[in-house]
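What follows is work06.txt (compact mmCIF, C-alpha atoms).
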```
# COMPACT_ATOMS: atom_id res chain seq x y z
CA MET V 1 44.96 12.62 33.74
CA GLY V 2 42.46 13.33 30.97
CA ALA V 3 39.67 15.77 31.52
CA THR V 4 36.25 14.22 32.14
CA GLN V 5 33.24 15.50 30.27
CA ASP V 6 30.21 16.79 32.11
CA PRO V 7 27.39 14.19 31.81
CA ALA V 8 24.87 16.92 31.07
CA VAL V 9 27.00 18.14 28.17
CA ALA V 10 27.33 14.59 26.84
CA VAL V 11 23.57 14.11 26.91
CA GLU V 12 23.06 17.43 25.16
CA GLU V 13 25.54 16.50 22.42
CA GLY V 14 23.79 13.18 21.85
CA LYS V 15 20.42 14.77 21.15
CA SER V 16 19.06 14.98 17.66
CA LEU V 17 19.38 18.31 15.94
CA LEU V 18 15.60 18.50 15.77
CA GLU V 19 15.45 18.39 19.59
CA LYS V 20 18.11 21.03 20.24
CA PRO V 21 17.03 24.66 20.60
CA PHE V 22 18.90 26.57 17.88
CA VAL V 23 18.79 30.13 16.60
CA ASN V 24 20.47 30.90 13.29
CA GLY V 25 22.34 27.61 13.33
CA VAL V 26 23.95 27.87 16.77
CA PRO V 27 22.71 26.83 20.24
CA VAL V 28 20.41 29.29 21.97
CA SER V 29 22.81 29.65 24.88
CA ALA V 30 25.49 31.03 22.57
CA ALA V 31 23.34 32.77 19.98
CA PRO V 32 23.20 36.57 19.97
CA LYS V 33 20.11 38.48 18.92
CA VAL V 34 20.21 39.03 15.17
CA ALA V 35 17.76 40.15 12.54
CA PRO V 36 15.54 37.30 11.30
CA ARG V 37 16.32 35.79 7.95
CA ARG V 38 13.85 35.24 5.10
CA TRP V 39 13.13 32.53 2.60
CA ARG V 40 14.80 33.14 -0.71
CA ASN V 41 12.17 34.68 -3.01
CA HIS V 42 8.42 34.32 -2.75
CA TRP V 43 6.94 30.85 -2.82
CA LEU V 44 5.09 31.67 -6.05
CA ALA V 45 8.40 32.49 -7.78
CA ILE V 46 9.25 28.86 -8.43
CA PHE V 47 12.26 29.83 -10.57
CA GLY V 48 13.47 32.41 -8.04
CA ASP V 49 15.52 35.01 -9.86
CA CYS V 50 16.18 32.55 -12.71
CA SER V 51 19.76 31.99 -11.58
CA PRO V 52 21.28 28.55 -12.22
CA VAL V 53 20.94 27.63 -8.54
CA ASP V 54 17.29 28.65 -8.34
CA VAL V 55 16.35 26.88 -11.57
CA SER V 56 18.18 23.76 -10.40
CA ALA V 57 16.27 23.83 -7.12
CA CYS V 58 12.95 24.09 -8.98
CA CYS V 59 13.78 21.21 -11.34
CA LEU V 60 14.92 19.05 -8.43
CA ALA V 61 11.80 19.72 -6.34
CA TYR V 62 9.34 19.21 -9.21
CA HIS V 63 10.95 16.23 -10.96
CA ALA V 64 12.51 14.41 -7.98
CA PRO V 65 10.76 15.64 -4.81
CA CYS V 66 11.97 12.69 -2.74
CA VAL V 67 15.58 13.62 -3.60
CA ALA V 68 14.96 17.28 -2.74
CA TRP V 69 13.32 16.32 0.56
CA GLY V 70 16.13 13.98 1.57
CA TRP V 71 18.73 16.54 0.53
CA ASN V 72 17.09 19.28 2.63
CA GLN V 73 16.83 17.15 5.75
CA SER V 74 20.42 15.97 5.37
CA ARG V 75 21.77 19.49 4.96
CA ALA V 76 19.66 21.13 7.66
CA PHE V 77 19.57 18.41 10.33
CA GLN V 78 22.36 15.96 9.35
CA MET V 79 19.83 13.19 8.80
CA THR V 80 20.48 10.21 6.55
CA PHE V 81 19.66 11.19 2.98
CA TRP V 82 18.30 7.89 1.68
CA LYS V 83 16.18 7.27 4.79
CA GLU V 84 14.46 10.61 4.42
CA ALA V 85 13.97 10.08 0.68
CA VAL V 86 12.35 6.68 1.28
CA ARG V 87 10.19 8.16 4.04
CA PHE V 88 8.94 10.84 1.65
CA ILE V 89 8.05 8.21 -0.95
CA LEU V 90 6.17 6.10 1.59
CA LEU V 91 4.26 9.11 2.93
CA THR V 92 3.15 10.26 -0.51
CA VAL V 93 3.10 7.59 -3.20
CA GLY V 94 2.97 4.68 -0.77
CA ILE V 95 -0.05 5.71 1.30
CA PHE V 96 -2.22 7.08 -1.47
CA GLY V 97 -1.22 4.30 -3.87
CA ALA V 98 -2.34 1.74 -1.30
CA ILE V 99 -5.68 3.53 -0.87
CA HIS V 100 -6.22 3.59 -4.63
CA ALA V 101 -5.38 -0.11 -4.90
CA ALA V 102 -7.80 -0.92 -2.07
CA CYS V 103 -10.55 1.01 -3.86
CA CYS V 104 -9.95 -0.92 -7.10
CA VAL V 105 -9.96 -4.28 -5.30
CA MET V 106 -13.19 -3.37 -3.50
CA MET V 107 -14.92 -2.51 -6.77
CA MET V 108 -13.74 -5.73 -8.40
CA VAL V 109 -14.93 -7.88 -5.51
CA ALA V 110 -18.24 -6.15 -4.79
CA CYS V 111 -19.15 -5.39 -8.40
CA PRO V 112 -17.74 -8.11 -10.65
CA PRO V 113 -18.21 -7.58 -14.40
CA PRO V 114 -21.20 -9.35 -15.98
CA PRO V 115 -20.48 -12.59 -17.81
CA PRO V 116 -19.89 -12.11 -21.53
CA GLY V 117 -23.17 -13.52 -22.84
CA ASP V 118 -22.37 -12.82 -26.45
CA MET V 119 -18.98 -14.54 -26.34
CA PRO V 120 -20.25 -17.87 -27.85
CA GLN V 121 -21.80 -16.01 -30.76
CA MET V 122 -18.55 -14.12 -31.37
CA MET V 123 -16.54 -17.34 -31.23
CA GLY V 124 -18.93 -19.03 -33.67
CA SER V 125 -18.72 -16.16 -36.11
CA MET V 126 -14.96 -16.58 -36.35
CA GLY V 127 -15.53 -19.67 -38.52
CA ASP V 128 -16.85 -17.45 -41.30
CA GLY V 129 -13.33 -16.38 -42.14
CA PRO V 130 -11.36 -13.14 -42.01
CA HIS V 131 -13.75 -11.37 -44.38
CA HIS V 132 -16.56 -11.61 -41.85
CA MET V 133 -14.27 -10.40 -39.05
CA HIS V 134 -13.28 -7.45 -41.18
CA GLY V 135 -16.95 -6.63 -41.69
CA MET V 136 -17.61 -6.80 -37.96
CA HIS V 137 -14.69 -4.49 -37.34
CA ASP V 138 -15.95 -1.95 -39.86
CA HIS V 139 -19.44 -2.11 -38.37
CA HIS V 140 -18.22 -1.31 -34.87
CA MET V 141 -15.88 1.38 -36.10
CA HIS V 142 -18.74 3.17 -37.91
CA ASP V 143 -20.85 3.08 -34.77
CA GLY V 144 -18.46 5.55 -33.16
CA PRO V 145 -17.48 6.05 -29.52
CA HIS V 146 -21.11 6.40 -28.44
CA HIS V 147 -21.78 2.75 -29.22
CA MET V 148 -18.61 1.72 -27.37
CA HIS V 149 -19.71 3.71 -24.32
CA GLU V 150 -23.08 1.95 -24.29
CA ASP V 151 -21.36 -1.46 -24.09
CA ARG V 152 -19.62 -0.58 -20.82
CA PRO V 153 -21.14 -2.13 -17.67
CA GLU V 154 -22.97 0.38 -15.50
CA LEU V 155 -22.90 0.68 -11.71
CA THR V 156 -26.14 -0.92 -10.54
CA PRO V 157 -27.96 0.29 -7.39
CA GLU V 158 -27.25 -3.00 -5.64
CA CYS V 159 -23.54 -2.66 -6.36
CA ALA V 160 -23.53 0.96 -5.19
CA LYS V 161 -25.11 -0.05 -1.88
CA ARG V 162 -22.44 -2.70 -1.33
CA VAL V 163 -19.46 -0.47 -2.04
CA ALA V 164 -20.74 2.79 -0.49
CA PRO V 165 -19.61 2.08 3.12
CA GLY V 166 -16.16 0.96 1.98
CA LEU V 167 -15.69 3.97 -0.30
CA VAL V 168 -16.71 6.33 2.50
CA ALA V 169 -14.19 4.67 4.81
CA LEU V 170 -11.44 4.92 2.20
CA ALA V 171 -12.28 8.57 1.58
CA ALA V 172 -12.02 9.31 5.31
CA LEU V 173 -8.71 7.43 5.41
CA ALA V 174 -7.39 9.44 2.47
CA ILE V 175 -8.34 12.73 4.15
CA ALA V 176 -6.67 11.64 7.40
CA ALA V 177 -3.54 10.60 5.50
CA PHE V 178 -3.45 13.94 3.68
CA VAL V 179 -3.72 15.86 6.96
CA TYR V 180 -0.97 13.73 8.52
CA VAL V 181 1.42 14.27 5.59
CA VAL V 182 0.76 18.02 5.55
CA MET V 183 1.34 18.34 9.29
CA PHE V 184 4.50 16.24 9.10
CA ALA V 185 5.98 18.37 6.31
CA ALA V 186 4.87 21.63 7.99
CA ARG V 187 6.60 20.62 11.24
CA ARG V 188 9.82 20.00 9.33
CA ARG V 189 9.49 23.39 7.63
CA ARG V 190 8.97 25.01 11.03
CA ALA V 191 12.07 23.21 12.33
CA ILE V 192 14.11 24.72 9.47
CA ARG V 193 12.73 28.18 10.21
CA GLU V 194 13.42 27.94 13.93
CA ARG V 195 16.88 26.51 13.44
CA PHE V 196 18.05 29.24 11.08
CA GLY V 197 15.89 32.13 12.31
CA ILE V 198 13.71 32.48 9.19
CA GLU V 199 10.59 34.58 9.37
CA GLY V 200 7.20 32.91 9.22
CA SER V 201 4.58 31.09 11.25
CA PHE V 202 3.37 27.53 11.60
CA LYS V 203 -0.02 28.47 10.14
CA GLN V 204 1.70 29.70 7.01
CA ASP V 205 3.73 26.49 6.82
CA VAL V 206 0.59 24.34 7.07
CA ALA V 207 -1.34 26.41 4.53
CA LEU V 208 1.52 26.36 2.02
CA TRP V 209 2.11 22.62 2.26
CA ALA V 210 -1.63 21.96 2.01
CA CYS V 211 -2.27 24.21 -1.00
CA CYS V 212 1.01 24.01 -2.96
CA SER V 213 3.36 21.43 -1.53
CA LEU V 214 5.79 21.61 -4.47
CA CYS V 215 6.00 25.39 -4.07
CA ALA V 216 6.94 24.93 -0.40
CA LEU V 217 9.51 22.26 -1.22
CA THR V 218 10.99 24.40 -3.99
CA GLN V 219 11.33 27.39 -1.66
CA GLU V 220 13.02 25.31 1.02
CA THR V 221 15.39 23.69 -1.46
CA ARG V 222 16.20 27.01 -3.12
CA THR V 223 16.99 28.68 0.19
CA LEU V 224 19.22 25.88 1.48
CA MET V 225 21.07 25.62 -1.84
CA HIS V 226 21.64 29.34 -2.26
CA GLU V 227 22.64 29.91 1.36
CA GLN V 228 24.99 26.90 1.35
CA VAL V 229 23.56 25.08 4.34
CA HIS V 230 25.85 22.17 5.21
CA ASP V 231 25.81 19.94 8.29
CA GLY V 232 23.27 22.16 10.02
CA LEU V 233 25.27 25.37 9.51
CA TRP V 234 24.20 28.40 7.49
CA TYR V 235 27.28 29.59 5.55
CA GLY V 236 25.56 32.14 3.36
CA PRO V 237 25.90 32.71 -0.39
CA VAL V 238 29.32 32.59 -2.02
CA PRO V 239 30.65 36.11 -2.51
CA THR V 240 30.97 36.88 -6.20
CA GLN V 241 34.23 38.76 -5.74
CA GLN V 242 35.96 36.03 -3.76
CA ALA V 243 36.82 32.45 -4.65
CA GLY V 244 37.43 29.48 -2.43
CA ALA V 245 35.54 27.45 0.12
CA PRO V 246 32.65 29.12 1.97
CA VAL V 247 33.33 30.48 5.42
CA ALA V 248 30.73 30.19 8.15
CA GLN V 249 29.10 33.47 9.07
CA THR V 250 30.19 34.99 12.36
CA MET V 251 27.57 36.95 14.25
CA GLN V 252 28.50 39.68 16.64
CA VAL V 253 26.64 40.73 19.71
```

Mind turning this structure into structure tokens?
Amino acid sequence: MGATQDPAVAVEEGKSLLEKPFVNGVPVSAAPKVAPRRWRNHWLAIFGDCSPVDVSACCLAYHAPCVAWGWNQSRAFQMTFWKEAVRFILLTVGIFGAIHAACCVMMMVACPPPPPGDMPQMMGSMGDGPHHMHGMHDHHMHDGPHHMHEDRPELTPECAKRVAPGLVALAALAIAAFVYVVMFAARRRRAIRERFGIEGSFKQDVALWACCSLCALTQETRTLMHEQVHDGLWYGPVPTQQAGAPVAQTMQV
């Protein structure tokens, strides 16, 4: 007869890695007390020690942050890479792009541009031939950018009164979205720290993601790349004197 699995163990195995209590990559029940780890290099050192791995992590985080985010979540928590990458895009470009589009639509609806009153005169002058058009072009070119600036429609007081409540609401929405994104990313950073026993605090995570989000993402990517984190396990850097596949670190009591 086959051995039956304890239901409590089955439930524990089915939990997400974010919900399991881990220390240094192993369950708390089996984890000995070890010295805390640290992030690789300071967050201001975006290139780390200028090694190929550190420079690659910086380029990935700065030029393709959604890829770096999805890669980190996949390596640390075994999450689906493309789902996390799409989530990062929606939380950053998607939310704030939608707010910007709403602001533009509001301005166009509440403050439409004035009708071009001089358009009939311009259309009538086209019958004078290309020489007259060339003269008009030279005239406007000699007027300089100051004349062009004066032709732009200005925001009238009536228009400002109409759009002010909507702009205030959009500004409040943008601030709330920024706080939500920062807290979401800081919680993920804290989950990485708690899972692998990295020093730090949640206040530091929030402050770093709020003030320099790309620095935080670069530091996380650099650490996970250099320490060879795969499938939620911290293997450590590849020894320079040995070749072959990385071996998971064994911690002794």

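With distances taken over all atoms listed in the file, V:Trp71 is the one residue among V:Phe88, V:Trp71, V:Phe178, V:Phe184 lying closest to Val229 in chain V.
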
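The residue that comes closest to Pro65 in chain V, out of V:Trp43, V:Glu199, V:Cys103, V:Ala85 and on the basis of only C-alpha atoms, is V:Ala85.
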
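In this structure, CA of Val163 in chain V sits 26.1 Å away from CA of Leu91 in chain V.
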
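With all atoms listed in the file as the atoms that count, the residue of V:Cys59, V:Thr223, V:Val53, V:Ala185 with the shortest distance to Tyr235 in chain V is V:Thr223.
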
Checklist outcome for this item: Across V:Met106, V:Pro237, V:Gln204, V:Glu194, the smallest distance to Arg222 in chain V, with only C-alpha atoms counted, is shown by V:Pro237

Next on the checklist: So the first atom is CA of Pro52 in chain V and the second is CA of Arg37 in chain V; what is the distance between them in Å, to one decimal place?
Outcome noted: 22.0 Å

Next on the checklist: So, with all atoms listed in the file as the atoms that count, which of V:Phe81, V:Glu220, V:Cys215, V:Arg195 lies closest to Trp234 in chain V?
Outcome noted: V:Arg195

Item to check | Option closest in space to Ile95 in chain V, from V:Ala216, V:Val67, V:Ile198, V:Ala174 [counting all atoms listed in the file] | outcome: V:Ala174

Item to check | Coordinates-based distance that separates CA of Gln228 in chain V from CA of Phe77 in chain V (Å, one decimal) | outcome: 13.5 Å

Non-local contacts of Val182 in chain V (9 Å; only C-alpha atoms; under 4 positions in same chain excluded) as a PDB file with C-alpha atoms, in the frame of the given file:
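Wrote result-v9.pdb, looks like this:
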```pdb
ATOM      1  CA  ALA V 177      -3.540  10.600   5.500  1.00  0.00           C
ATOM      2  CA  PHE V 178      -3.450  13.940   3.680  1.00  0.00           C
ATOM      3  CA  ALA V 186       4.870  21.630   7.990  1.00  0.00           C
ATOM      4  CA  ARG V 187       6.600  20.620  11.240  1.00  0.00           C
ATOM      5  CA  VAL V 206       0.590  24.340   7.070  1.00  0.00           C
ATOM      6  CA  ALA V 207      -1.340  26.410   4.530  1.00  0.00           C
ATOM      7  CA  TRP V 209       2.110  22.620   2.260  1.00  0.00           C
ATOM      8  CA  ALA V 210      -1.630  21.960   2.010  1.00  0.00           C
ATOM      9  CA  SER V 213       3.360  21.430  -1.530  1.00  0.00           C
TER      10      SER V 213
END
```

Checklist entry - If you count only C-alpha atoms, which residues fall within 12 Å of Ser56 in chain V, apart from same-chain ones fewer than 6 positions away, as a count of residues only? => result 16
